[in-house]
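What follows is the content of start38.pdb (PDB, C-alpha atoms).
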```pdb
MODEL        1
ATOM      1  CA  MET A   1      63.153 129.621 125.913
ATOM      2  CA  ALA A   2      61.550 133.066 125.828
ATOM      3  CA  LEU A   3      63.848 136.048 125.440
ATOM      4  CA  HIS A   4      64.028 138.648 128.151
ATOM      5  CA  SER A   5      62.711 142.144 127.553
ATOM      6  CA  THR A   6      65.265 144.613 126.182
ATOM      7  CA  GLN A   7      64.131 147.255 128.689
ATOM      8  CA  SER A   8      67.017 148.017 131.049
ATOM      9  CA  PHE A   9      66.978 148.398 134.801
ATOM     10  CA  GLN A  10      67.360 151.942 136.160
ATOM     11  CA  VAL A  11      68.702 150.664 139.472
ATOM     12  CA  PHE A  12      70.062 147.189 140.169
ATOM     13  CA  LYS A  13      71.473 145.177 143.071
ATOM     14  CA  ALA A  14      75.207 144.514 143.219
ATOM     15  CA  LEU A  15      77.743 143.130 145.660
ATOM     16  CA  TYR A  16      79.598 146.386 146.128
ATOM     17  CA  LEU A  17      83.140 146.609 147.530
ATOM     18  CA  THR A  18      84.632 149.857 148.799
ATOM     19  CA  LYS A  19      87.877 150.802 150.498
ATOM     20  CA  GLU A  20      88.567 154.249 151.873
ATOM     21  CA  ALA A  21      91.532 155.033 154.122
ATOM     22  CA  GLU A  22      91.968 151.281 154.708
ATOM     23  CA  LYS A  23      88.325 150.961 155.797
ATOM     24  CA  PHE A  24      86.888 148.088 153.756
ATOM     25  CA  SER A  25      83.215 147.359 153.146
ATOM     26  CA  ALA A  26      81.375 144.582 151.297
ATOM     27  CA  ARG A  27      77.613 145.023 150.985
ATOM     28  CA  VAL A  28      74.694 144.555 148.637
ATOM     29  CA  ALA A  29      73.949 148.016 147.286
ATOM     30  CA  GLN A  30      71.461 149.595 144.918
ATOM     31  CA  VAL A  31      73.510 150.857 141.976
ATOM     32  CA  ASP A  32      72.405 153.240 139.233
ATOM     33  CA  GLU A  33      72.779 151.861 135.722
ATOM     34  CA  LYS A  34      74.584 155.071 134.743
ATOM     35  CA  SER A  35      77.460 153.986 136.989
ATOM     36  CA  LEU A  36      78.249 150.919 134.879
ATOM     37  CA  PRO A  37      81.738 150.971 133.310
ATOM     38  CA  GLU A  38      82.485 151.194 129.626
ATOM     39  CA  GLY A  39      81.779 148.201 127.411
ATOM     40  CA  ASP A  40      79.942 147.306 124.231
ATOM     41  CA  VAL A  41      77.605 144.694 125.751
ATOM     42  CA  THR A  42      75.159 145.149 128.618
ATOM     43  CA  LEU A  43      74.313 141.854 130.273
ATOM     44  CA  ARG A  44      71.303 141.037 132.402
ATOM     45  CA  VAL A  45      72.990 138.615 134.796
ATOM     46  CA  GLU A  46      71.008 135.583 135.942
ATOM     47  CA  TYR A  47      73.585 133.598 137.892
ATOM     48  CA  SER A  48      77.086 134.065 139.197
ATOM     49  CA  THR A  49      79.250 132.104 141.621
ATOM     50  CA  VAL A  50      81.819 132.474 144.411
ATOM     51  CA  ASN A  51      85.235 131.304 143.273
ATOM     52  CA  TYR A  52      88.331 131.324 145.476
ATOM     53  CA  LYS A  53      89.426 134.630 143.934
ATOM     54  CA  ASP A  54      85.964 136.107 144.575
ATOM     55  CA  ALA A  55      86.198 135.033 148.198
ATOM     56  CA  LEU A  56      89.591 136.706 148.566
ATOM     57  CA  ALA A  57      88.121 139.954 147.221
ATOM     58  CA  ILE A  58      84.890 139.823 149.247
ATOM     59  CA  ALA A  59      86.742 139.037 152.487
ATOM     60  CA  ASN A  60      89.489 141.580 151.701
ATOM     61  CA  ALA A  61      91.961 138.748 152.298
ATOM     62  CA  SER A  62      94.273 139.567 149.396
ATOM     63  CA  PRO A  63      94.818 142.560 147.078
ATOM     64  CA  ILE A  64      92.632 141.139 144.310
ATOM     65  CA  VAL A  65      90.766 144.389 143.625
ATOM     66  CA  ARG A  66      92.791 146.939 141.655
ATOM     67  CA  LYS A  67      90.196 149.705 141.327
ATOM     68  CA  TRP A  68      87.716 151.061 143.856
ATOM     69  CA  PRO A  69      84.796 150.915 144.202
ATOM     70  CA  MET A  70      84.349 147.448 142.678
ATOM     71  CA  VAL A  71      81.459 145.130 141.944
ATOM     72  CA  ALA A  72      82.641 141.599 142.760
ATOM     73  CA  GLY A  73      82.240 138.511 140.593
ATOM     74  CA  ILE A  74      84.708 137.097 138.062
ATOM     75  CA  ASP A  75      82.011 134.889 136.508
ATOM     76  CA  GLY A  76      78.562 135.545 135.143
ATOM     77  CA  ALA A  77      75.939 134.046 132.868
ATOM     78  CA  GLY A  78      72.833 135.675 131.512
ATOM     79  CA  THR A  79      71.107 137.376 128.604
ATOM     80  CA  VAL A  80      72.449 140.169 126.413
ATOM     81  CA  GLU A  81      70.355 143.288 127.030
ATOM     82  CA  GLU A  82      72.068 145.676 124.632
ATOM     83  CA  SER A  83      74.977 145.219 122.235
ATOM     84  CA  ARG A  84      77.203 147.346 120.018
ATOM     85  CA  ASN A  85      79.407 144.309 119.335
ATOM     86  CA  PRO A  86      78.765 142.455 116.048
ATOM     87  CA  ARG A  87      79.126 139.073 117.764
ATOM     88  CA  TRP A  88      76.110 139.583 119.989
ATOM     89  CA  LYS A  89      72.497 140.705 119.824
ATOM     90  CA  PRO A  90      69.822 141.230 122.492
ATOM     91  CA  GLY A  91      68.517 137.896 123.725
ATOM     92  CA  ASP A  92      71.772 135.957 123.257
ATOM     93  CA  LYS A  93      72.722 133.736 126.193
ATOM     94  CA  VAL A  94      76.373 134.165 127.150
ATOM     95  CA  ILE A  95      79.048 133.264 129.715
ATOM     96  CA  LEU A  96      81.768 135.486 131.172
ATOM     97  CA  ASN A  97      84.916 134.086 132.828
ATOM     98  CA  GLY A  98      87.897 136.150 133.912
ATOM     99  CA  TRP A  99      89.426 138.979 131.845
ATOM    100  CA  GLY A 100      90.087 140.969 135.032
ATOM    101  CA  VAL A 101      86.385 141.330 135.766
ATOM    102  CA  GLY A 102      85.861 141.720 139.519
ATOM    103  CA  GLU A 103      89.446 143.007 139.725
ATOM    104  CA  ASN A 104      89.894 145.884 137.265
ATOM    105  CA  HIS A 105      86.385 145.987 135.796
ATOM    106  CA  TRP A 106      82.998 145.704 137.523
ATOM    107  CA  GLY A 107      81.924 142.095 137.840
ATOM    108  CA  CYS A 108      78.886 139.855 137.724
ATOM    109  CA  LEU A 109      77.779 139.421 141.332
ATOM    110  CA  ALA A 110      75.086 141.869 140.300
ATOM    111  CA  GLN A 111      71.864 141.988 138.334
ATOM    112  CA  MET A 112      73.559 143.854 135.490
ATOM    113  CA  ALA A 113      77.050 144.074 134.021
ATOM    114  CA  ARG A 114      78.600 146.027 131.172
ATOM    115  CA  LEU A 115      81.382 144.121 129.474
ATOM    116  CA  LYS A 116      83.448 143.852 126.329
ATOM    117  CA  GLY A 117      81.745 141.529 123.872
ATOM    118  CA  ASP A 118      85.072 139.935 122.968
ATOM    119  CA  TRP A 119      85.244 138.551 126.519
ATOM    120  CA  LEU A 120      82.035 136.552 126.145
ATOM    121  CA  VAL A 121      81.407 132.960 125.096
ATOM    122  CA  ARG A 122      78.076 131.696 123.826
ATOM    123  CA  LEU A 123      76.178 129.450 126.228
ATOM    124  CA  PRO A 124      76.335 125.925 124.738
ATOM    125  CA  ALA A 125      73.091 124.470 123.442
ATOM    126  CA  GLY A 126      71.301 122.458 126.102
ATOM    127  CA  MET A 127      73.106 124.148 129.000
ATOM    128  CA  THR A 128      71.314 126.552 131.355
ATOM    129  CA  THR A 129      72.876 129.689 132.819
ATOM    130  CA  ARG A 130      72.570 128.082 136.243
ATOM    131  CA  GLN A 131      74.554 125.046 135.086
ATOM    132  CA  ALA A 132      77.155 127.334 133.504
ATOM    133  CA  MET A 133      77.745 129.008 136.849
ATOM    134  CA  ALA A 134      77.773 125.673 138.646
ATOM    135  CA  ILE A 135      80.783 125.051 136.411
ATOM    136  CA  GLY A 136      82.134 128.611 136.442
ATOM    137  CA  THR A 137      85.793 129.521 136.268
ATOM    138  CA  ALA A 138      86.603 126.552 138.525
ATOM    139  CA  GLY A 139      85.165 123.981 136.134
ATOM    140  CA  TYR A 140      86.307 125.812 133.032
ATOM    141  CA  THR A 141      89.836 125.846 134.495
ATOM    142  CA  ALA A 142      89.583 122.122 135.228
ATOM    143  CA  MET A 143      88.601 121.503 131.601
ATOM    144  CA  LEU A 144      91.538 123.575 130.320
ATOM    145  CA  ALA A 145      93.807 121.449 132.531
ATOM    146  CA  VAL A 146      92.354 118.184 131.217
ATOM    147  CA  MET A 147      92.786 119.414 127.635
ATOM    148  CA  GLU A 148      96.439 120.229 128.321
ATOM    149  CA  LEU A 149      97.143 116.858 129.945
ATOM    150  CA  GLU A 150      95.910 115.056 126.865
ATOM    151  CA  ARG A 151      97.564 117.472 124.409
ATOM    152  CA  LEU A 152     100.899 116.798 126.133
ATOM    153  CA  GLY A 153     100.426 113.018 126.031
ATOM    154  CA  ALA A 154      99.273 112.316 129.593
ATOM    155  CA  THR A 155      96.390 110.107 128.518
ATOM    156  CA  LYS A 156      94.663 107.520 130.708
ATOM    157  CA  GLU A 157      97.056 104.852 129.418
ATOM    158  CA  ARG A 158      99.979 106.670 131.067
ATOM    159  CA  GLY A 159      98.815 105.836 134.578
ATOM    160  CA  GLU A 160      96.882 107.183 137.524
ATOM    161  CA  ALA A 161      95.691 110.776 137.640
ATOM    162  CA  LEU A 162      96.080 112.704 140.893
ATOM    163  CA  VAL A 163      93.671 115.542 141.701
ATOM    164  CA  THR A 164      94.558 117.704 144.706
ATOM    165  CA  GLY A 165      92.044 119.854 146.566
ATOM    166  CA  ALA A 166      89.540 117.339 145.291
ATOM    167  CA  THR A 167      86.422 118.510 147.127
ATOM    168  CA  GLY A 168      86.865 122.112 145.963
ATOM    169  CA  GLY A 169      85.395 123.610 142.816
ATOM    170  CA  VAL A 170      88.287 122.877 140.472
ATOM    171  CA  GLY A 171      88.991 119.527 142.089
ATOM    172  CA  SER A 172      85.417 118.238 142.058
ATOM    173  CA  ILE A 173      84.953 118.941 138.369
ATOM    174  CA  ALA A 174      88.446 117.685 137.506
ATOM    175  CA  VAL A 175      87.657 114.365 139.202
ATOM    176  CA  ALA A 176      84.409 114.041 137.259
ATOM    177  CA  LEU A 177      85.969 114.981 133.909
ATOM    178  CA  LEU A 178      88.970 112.672 134.233
ATOM    179  CA  ALA A 179      86.819 109.761 135.401
ATOM    180  CA  LYS A 180      84.470 110.335 132.457
ATOM    181  CA  ARG A 181      87.481 110.055 130.134
ATOM    182  CA  GLY A 182      88.500 106.742 131.689
ATOM    183  CA  TYR A 183      91.356 107.764 133.970
ATOM    184  CA  ARG A 184      91.875 106.032 137.302
ATOM    185  CA  VAL A 185      91.517 109.092 139.506
ATOM    186  CA  VAL A 186      93.095 109.417 142.940
ATOM    187  CA  ALA A 187      91.583 112.288 144.929
ATOM    188  CA  SER A 188      93.603 114.098 147.589
ATOM    189  CA  THR A 189      91.566 115.899 150.243
ATOM    190  CA  GLY A 190      91.614 116.998 153.842
ATOM    191  CA  LYS A 191      87.943 116.085 154.148
ATOM    192  CA  LEU A 192      88.148 112.342 154.573
ATOM    193  CA  GLY A 193      84.462 112.254 155.496
ATOM    194  CA  GLU A 194      83.673 113.091 151.871
ATOM    195  CA  ASP A 195      84.646 109.696 150.467
ATOM    196  CA  ASP A 196      81.126 108.960 149.234
ATOM    197  CA  TYR A 197      80.922 112.323 147.470
ATOM    198  CA  LEU A 198      84.264 111.884 145.725
ATOM    199  CA  ARG A 199      83.499 108.314 144.700
ATOM    200  CA  SER A 200      80.167 109.483 143.291
ATOM    201  CA  LEU A 201      82.140 111.838 141.049
ATOM    202  CA  GLY A 202      84.311 108.956 139.855
ATOM    203  CA  ALA A 203      87.317 108.848 142.195
ATOM    204  CA  ALA A 204      88.760 105.343 142.477
ATOM    205  CA  GLU A 205      90.818 106.132 145.574
ATOM    206  CA  ILE A 206      90.941 108.889 148.198
ATOM    207  CA  ILE A 207      94.139 109.892 150.007
ATOM    208  CA  ASP A 208      94.743 112.267 152.906
ATOM    209  CA  ARG A 209      96.187 115.602 151.789
ATOM    210  CA  LYS A 210      98.701 115.332 154.657
ATOM    211  CA  THR A 211     100.605 112.785 152.581
ATOM    212  CA  LEU A 212     101.430 115.591 150.139
ATOM    213  CA  SER A 213     101.310 118.822 152.143
ATOM    214  CA  GLU A 214     104.528 118.509 154.159
ATOM    215  CA  PRO A 215     108.109 119.048 152.902
ATOM    216  CA  GLY A 216     109.291 115.988 150.952
ATOM    217  CA  LYS A 217     112.281 114.592 149.099
ATOM    218  CA  PRO A 218     113.188 116.169 145.739
ATOM    219  CA  LEU A 219     112.569 112.869 143.946
ATOM    220  CA  GLN A 220     110.144 110.255 145.245
ATOM    221  CA  LYS A 221     108.639 106.954 144.117
ATOM    222  CA  GLU A 222     106.990 107.309 140.711
ATOM    223  CA  ARG A 223     103.220 107.050 140.753
ATOM    224  CA  TRP A 224     101.252 109.655 138.792
ATOM    225  CA  GLY A 225     100.905 109.716 135.030
ATOM    226  CA  SER A 226      99.125 113.058 135.314
ATOM    227  CA  VAL A 227      98.258 115.610 137.988
ATOM    228  CA  ILE A 228      95.790 118.486 138.285
ATOM    229  CA  ASP A 229      96.837 120.632 141.240
ATOM    230  CA  SER A 230      94.848 123.526 142.695
ATOM    231  CA  VAL A 231      96.839 123.737 145.938
ATOM    232  CA  GLY A 232     100.423 124.805 145.170
ATOM    233  CA  SER A 233     103.310 124.974 147.674
ATOM    234  CA  HIS A 234     104.569 121.653 149.111
ATOM    235  CA  THR A 235     101.597 119.780 147.647
ATOM    236  CA  LEU A 236     102.572 120.730 144.111
ATOM    237  CA  ALA A 237     106.256 120.059 144.834
ATOM    238  CA  ASN A 238     105.517 116.541 146.129
ATOM    239  CA  ALA A 239     103.163 115.839 143.239
ATOM    240  CA  CYS A 240     105.958 116.712 140.802
ATOM    241  CA  ALA A 241     108.439 114.571 142.758
ATOM    242  CA  GLN A 242     106.051 111.588 142.500
ATOM    243  CA  THR A 243     105.126 112.011 138.829
ATOM    244  CA  ALA A 244     106.281 109.194 136.576
ATOM    245  CA  SER A 245     108.632 109.523 133.638
ATOM    246  CA  GLU A 246     107.261 111.834 130.922
ATOM    247  CA  GLY A 247     104.207 112.593 133.069
ATOM    248  CA  VAL A 248     102.423 115.966 133.069
ATOM    249  CA  VAL A 249     101.428 118.206 135.968
ATOM    250  CA  ALA A 250      98.855 120.972 135.391
ATOM    251  CA  ALA A 251      99.072 123.702 138.044
ATOM    252  CA  CYS A 252      96.092 126.014 138.458
ATOM    253  CA  GLY A 253      95.787 127.067 142.094
ATOM    254  CA  LEU A 254      97.494 128.232 145.258
ATOM    255  CA  ALA A 255      95.233 127.306 148.166
ATOM    256  CA  GLN A 256      98.250 126.173 150.238
ATOM    257  CA  GLY A 257     100.521 128.964 149.037
ATOM    258  CA  MET A 258     102.313 130.623 146.125
ATOM    259  CA  ASP A 259     105.682 129.146 147.025
ATOM    260  CA  PHE A 260     107.054 126.197 145.060
ATOM    261  CA  PRO A 261     109.793 124.405 147.059
ATOM    262  CA  VAL A 262     111.016 122.001 144.394
ATOM    263  CA  THR A 263     114.282 121.080 142.657
ATOM    264  CA  VAL A 264     114.896 120.523 138.967
ATOM    265  CA  ALA A 265     115.209 116.753 139.557
ATOM    266  CA  PRO A 266     111.724 115.677 138.361
ATOM    267  CA  PHE A 267     112.095 117.749 135.211
ATOM    268  CA  ILE A 268     115.576 116.775 134.086
ATOM    269  CA  LEU A 269     115.756 113.199 135.432
ATOM    270  CA  ARG A 270     112.221 112.070 134.555
ATOM    271  CA  GLY A 271     111.195 114.518 131.856
ATOM    272  CA  VAL A 272     108.182 115.696 133.848
ATOM    273  CA  THR A 273     106.274 118.592 132.286
ATOM    274  CA  LEU A 274     104.822 121.303 134.525
ATOM    275  CA  ARG A 275     102.123 123.251 132.687
ATOM    276  CA  GLY A 276     100.544 126.353 134.174
ATOM    277  CA  ILE A 277      96.862 126.929 133.424
ATOM    278  CA  ASN A 278      95.939 130.582 132.865
ATOM    279  CA  SER A 279      92.163 130.656 132.685
ATOM    280  CA  VAL A 280      91.816 134.435 133.085
ATOM    281  CA  TYR A 281      93.229 135.430 129.702
ATOM    282  CA  ALA A 282      92.855 132.216 127.701
ATOM    283  CA  ILE A 283      92.249 132.803 124.007
ATOM    284  CA  ARG A 284      88.739 132.511 122.552
ATOM    285  CA  GLU A 285      89.480 129.245 120.731
ATOM    286  CA  HIS A 286      90.489 127.512 123.961
ATOM    287  CA  ARG A 287      87.507 128.932 125.848
ATOM    288  CA  GLU A 288      85.017 127.804 123.248
ATOM    289  CA  ARG A 289      86.565 124.340 123.045
ATOM    290  CA  ALA A 290      86.530 124.001 126.836
ATOM    291  CA  TRP A 291      82.850 124.965 127.098
ATOM    292  CA  HIS A 292      82.013 122.651 124.190
ATOM    293  CA  HIS A 293      83.582 119.717 126.060
ATOM    294  CA  LEU A 294      81.993 120.703 129.371
ATOM    295  CA  SER A 295      78.523 120.754 127.827
ATOM    296  CA  ARG A 296      78.996 117.182 126.609
ATOM    297  CA  GLU A 297      81.105 115.528 129.291
ATOM    298  CA  LEU A 298      79.631 116.725 132.580
ATOM    299  CA  ASP A 299      76.586 114.718 133.564
ATOM    300  CA  PRO A 300      73.830 117.136 134.695
ATOM    301  CA  GLY A 301      73.004 114.945 137.688
ATOM    302  CA  THR A 302      76.642 114.812 138.762
ATOM    303  CA  LEU A 303      76.899 118.580 138.369
ATOM    304  CA  GLU A 304      73.751 119.100 140.431
ATOM    305  CA  SER A 305      75.241 117.053 143.267
ATOM    306  CA  MET A 306      78.045 119.625 143.566
ATOM    307  CA  ILE A 307      75.800 122.686 143.878
ATOM    308  CA  THR A 308      74.933 124.850 146.849
ATOM    309  CA  GLU A 309      72.658 127.675 145.676
ATOM    310  CA  ILE A 310      72.499 130.989 147.530
ATOM    311  CA  GLY A 311      71.237 134.544 147.094
ATOM    312  CA  LEU A 312      73.370 137.617 146.446
ATOM    313  CA  ALA A 313      73.694 138.764 150.068
ATOM    314  CA  GLU A 314      74.712 135.289 151.235
ATOM    315  CA  ALA A 315      77.855 135.473 149.111
ATOM    316  CA  ILE A 316      79.387 137.797 151.692
ATOM    317  CA  GLU A 317      78.958 135.382 154.591
ATOM    318  CA  ARG A 318      80.082 132.378 152.537
ATOM    319  CA  ALA A 319      83.377 133.922 151.408
ATOM    320  CA  PRO A 320      85.326 133.012 154.594
ATOM    321  CA  ASP A 321      84.095 129.423 154.302
ATOM    322  CA  VAL A 322      85.414 129.229 150.742
ATOM    323  CA  LEU A 323      88.823 130.469 151.902
ATOM    324  CA  ALA A 324      88.846 127.983 154.786
ATOM    325  CA  GLY A 325      88.082 125.081 152.447
ATOM    326  CA  LYS A 326      84.745 124.405 154.121
ATOM    327  CA  ILE A 327      82.712 124.406 150.913
ATOM    328  CA  ARG A 328      82.170 121.182 148.998
ATOM    329  CA  GLY A 329      81.771 121.528 145.265
ATOM    330  CA  ARG A 330      80.366 124.732 143.809
ATOM    331  CA  ILE A 331      78.377 127.719 145.040
ATOM    332  CA  VAL A 332      75.834 129.112 142.573
ATOM    333  CA  VAL A 333      74.542 132.630 143.219
ATOM    334  CA  ASP A 334      71.077 133.602 142.026
ATOM    335  CA  VAL A 335      71.685 137.349 141.732
ATOM    336  CA  ASN A 336      67.956 138.037 141.678
ATOM    337  CA  ARG A 337      67.438 136.553 145.159
TER     338      ARG A 337
ENDMDL
END
```
Could I get this structure in the form of structure tokens?
Amino acid sequence: MALHSTQSFQVFKALYLTKEAEKFSARVAQVDEKSLPEGDVTLRVEYSTVNYKDALAIANASPIVRKWPMVAGIDGAGTVEESRNPRWKPGDKVILNGWGVGENHWGCLAQMARLKGDWLVRLPAGMTTRQAMAIGTAGYTAMLAVMELERLGATKERGEALVTGATGGVGSIAVALLAKRGYRVVASTGKLGEDDYLRSLGAAEIIDRKTLSEPGKPLQKERWGSVIDSVGSHTLANACAQTASEGVVAACGLAQGMDFPVTVAPFILRGVTLRGINSVYAIREHRERAWHHLSRELDPGTLESMITEIGLAEAIERAPDVLAGKIRGRIVVDVNR
């Protein structure tokens, strides 16, 4: 693949967030390169995505942004334009996930970004930047969760794997990854019309999220050998209450809420392990291992079936749909559209 020119933009497009005297604005603006924040790598962004956290920031639905003005986008993939970091040189293809980008540091829903080189991961061989953003933080988080399940002994032999929020970004990729590894995956969703989609990803059974989303007993009938939960609140509490002896629950989301109405019963009477997944500040070794697995375990055709591709300006209008759970799979943003 030909390398991009090392000539920088003077002005570039960015999804620009401002807040003055409680007046919030999200718009695509022309930004001068001189305004970019400090960093030792300048990235020419090719693709980004709209994660749940991005949607919260773009819709001003939660205090995600810590500094104003802000360029949104916690994920990005593209080509190194300039580098003062010994890890990277112009022309390198890289991925950015997390590290407070889009919160404390200008993000990647833009044609250019200036970042710390230590935040970046090399794009795996054979993977395109578009595919990397189809995976994004959602898929990378799902892979970290799968890695933790297996590290803690919740292998496919331990029983069924429950995935909550299964049609969302994390859930869709978690279903595909677990099925690829031979788990019998049960997908929980509120979109019961998406059975065909979930089965195409590898789900063996689909259940209505209502069976998990209401208050439940502290200890319930054992069923799950492992759980990947992106929902939180009562859903996570019920998943823990239904997890079998010595099972593992990986918690990585809060779509239903941040509360966790549970007792200690599943943990002290069944030895259930609850493992939080922190994708934002994961160490380099874990990031590189996760992207290595993703490049080998996610079928490109399956990944493509999850994608809705949009241009930069469309990210603003799609954010409320992401928050309302109306998006299936993953949104990929071509920042040059």
Answer key for the PyMOL selection byres ((chain A and resi 129-137) around 9), residues as an MDAnalysis selection string: chainID A and resid 46:51 74:79 93:98 123:124 127:128 138:142 169:170 173 279:280 291 294:295 300 303:304 306:309 329:334
Hits from the PyMOL selection byres ((chain A and resi 223) around 6), listed as a list of chain:residue names: A:Glu222, A:Trp224, A:Gln242, A:Thr243, A:Ala244
Output C-alpha atoms for every residue in the selection just made, as a CSV table (one decimal), in the coordinates of the input.
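Below is the file that was written, part20.csv:
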```csv
chain,number,residue,atom,x,y,z
A,222,GLU,CA,107.0,107.3,140.7
A,224,TRP,CA,101.3,109.7,138.8
A,242,GLN,CA,106.1,111.6,142.5
A,243,THR,CA,105.1,112.0,138.8
A,244,ALA,CA,106.3,109.2,136.6
```
Minimum-distance residue to A:Thr189, chosen among A:Lys23, A:Arg328, A:His234, A:Arg284 (using only C-alpha atoms): A:Arg328
Neighbours of point (101.0, 114.8, 156.5) within 12 Å, using only C-alpha atoms, written as an MDAnalysis selection string: chainID A and resid 188:190 207:216 234:235 238
9 Å contact set for stretch 145-150 of chain A, only C-alpha atoms, chain neighbours under 6 positions out, as a PyMOL selection string: chain A and resi 156+174+177-178+226-228+247-252+275-277+290
Contacts of A:Leu17 within 8 Å, only C-alpha atoms, excl. fewer than 4 positions in-chain, as a ChimeraX atom specification: /A:24-27,58,68-72
Selection: 8 Å around stretch 258-260 of chain A, all atoms listed in the file, excl. self and same-chain fewer than 5 positions, as a PyMOL selection string: chain A and resi 232-234+236-237
Gap from atom CA of A:Asp299 to atom CA of A:Cys108 - Å, one decimal: 25.6 Å
For atom CA of A:Gly182 and atom CA of A:Leu254, the interatomic separation in Å (one decimal):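 A separation of 27.0 Å between them.
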Residues returned when the PyMOL selection byres ((chain A and resi 315) around 9) runs on this file, as a ChimeraX atom specification: /A:15,49-50,55,58,109,310-314,316-319,331,333
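Candidate residues A:Gly107, A:Gly202, A:His292, A:Ala282 were compared for distance to A:Gly126, and the nearest is A:His292, using only C-alpha atoms.
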Using all atoms listed in the file: which of A:Leu43, A:Gly168, A:Ala61, A:Pro37 has the shortest distance to A:Gly91: A:Leu43
Atomic separation - atom CA of A:Val231 relative to atom CA of A:Asn60, Å: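 According to the coordinates, atom CA of A:Asn60 and atom CA of A:Val231 are separated by 20.1 Å.
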Exercise: A:Arg84 partners within 9 Å, all atoms listed in the file, chain neighbours under 6 positions left out, as a list in words: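 Final neighbour list, sorted by chain and number: Gly39, Asp40, Val41 and Gly117 of chain A.
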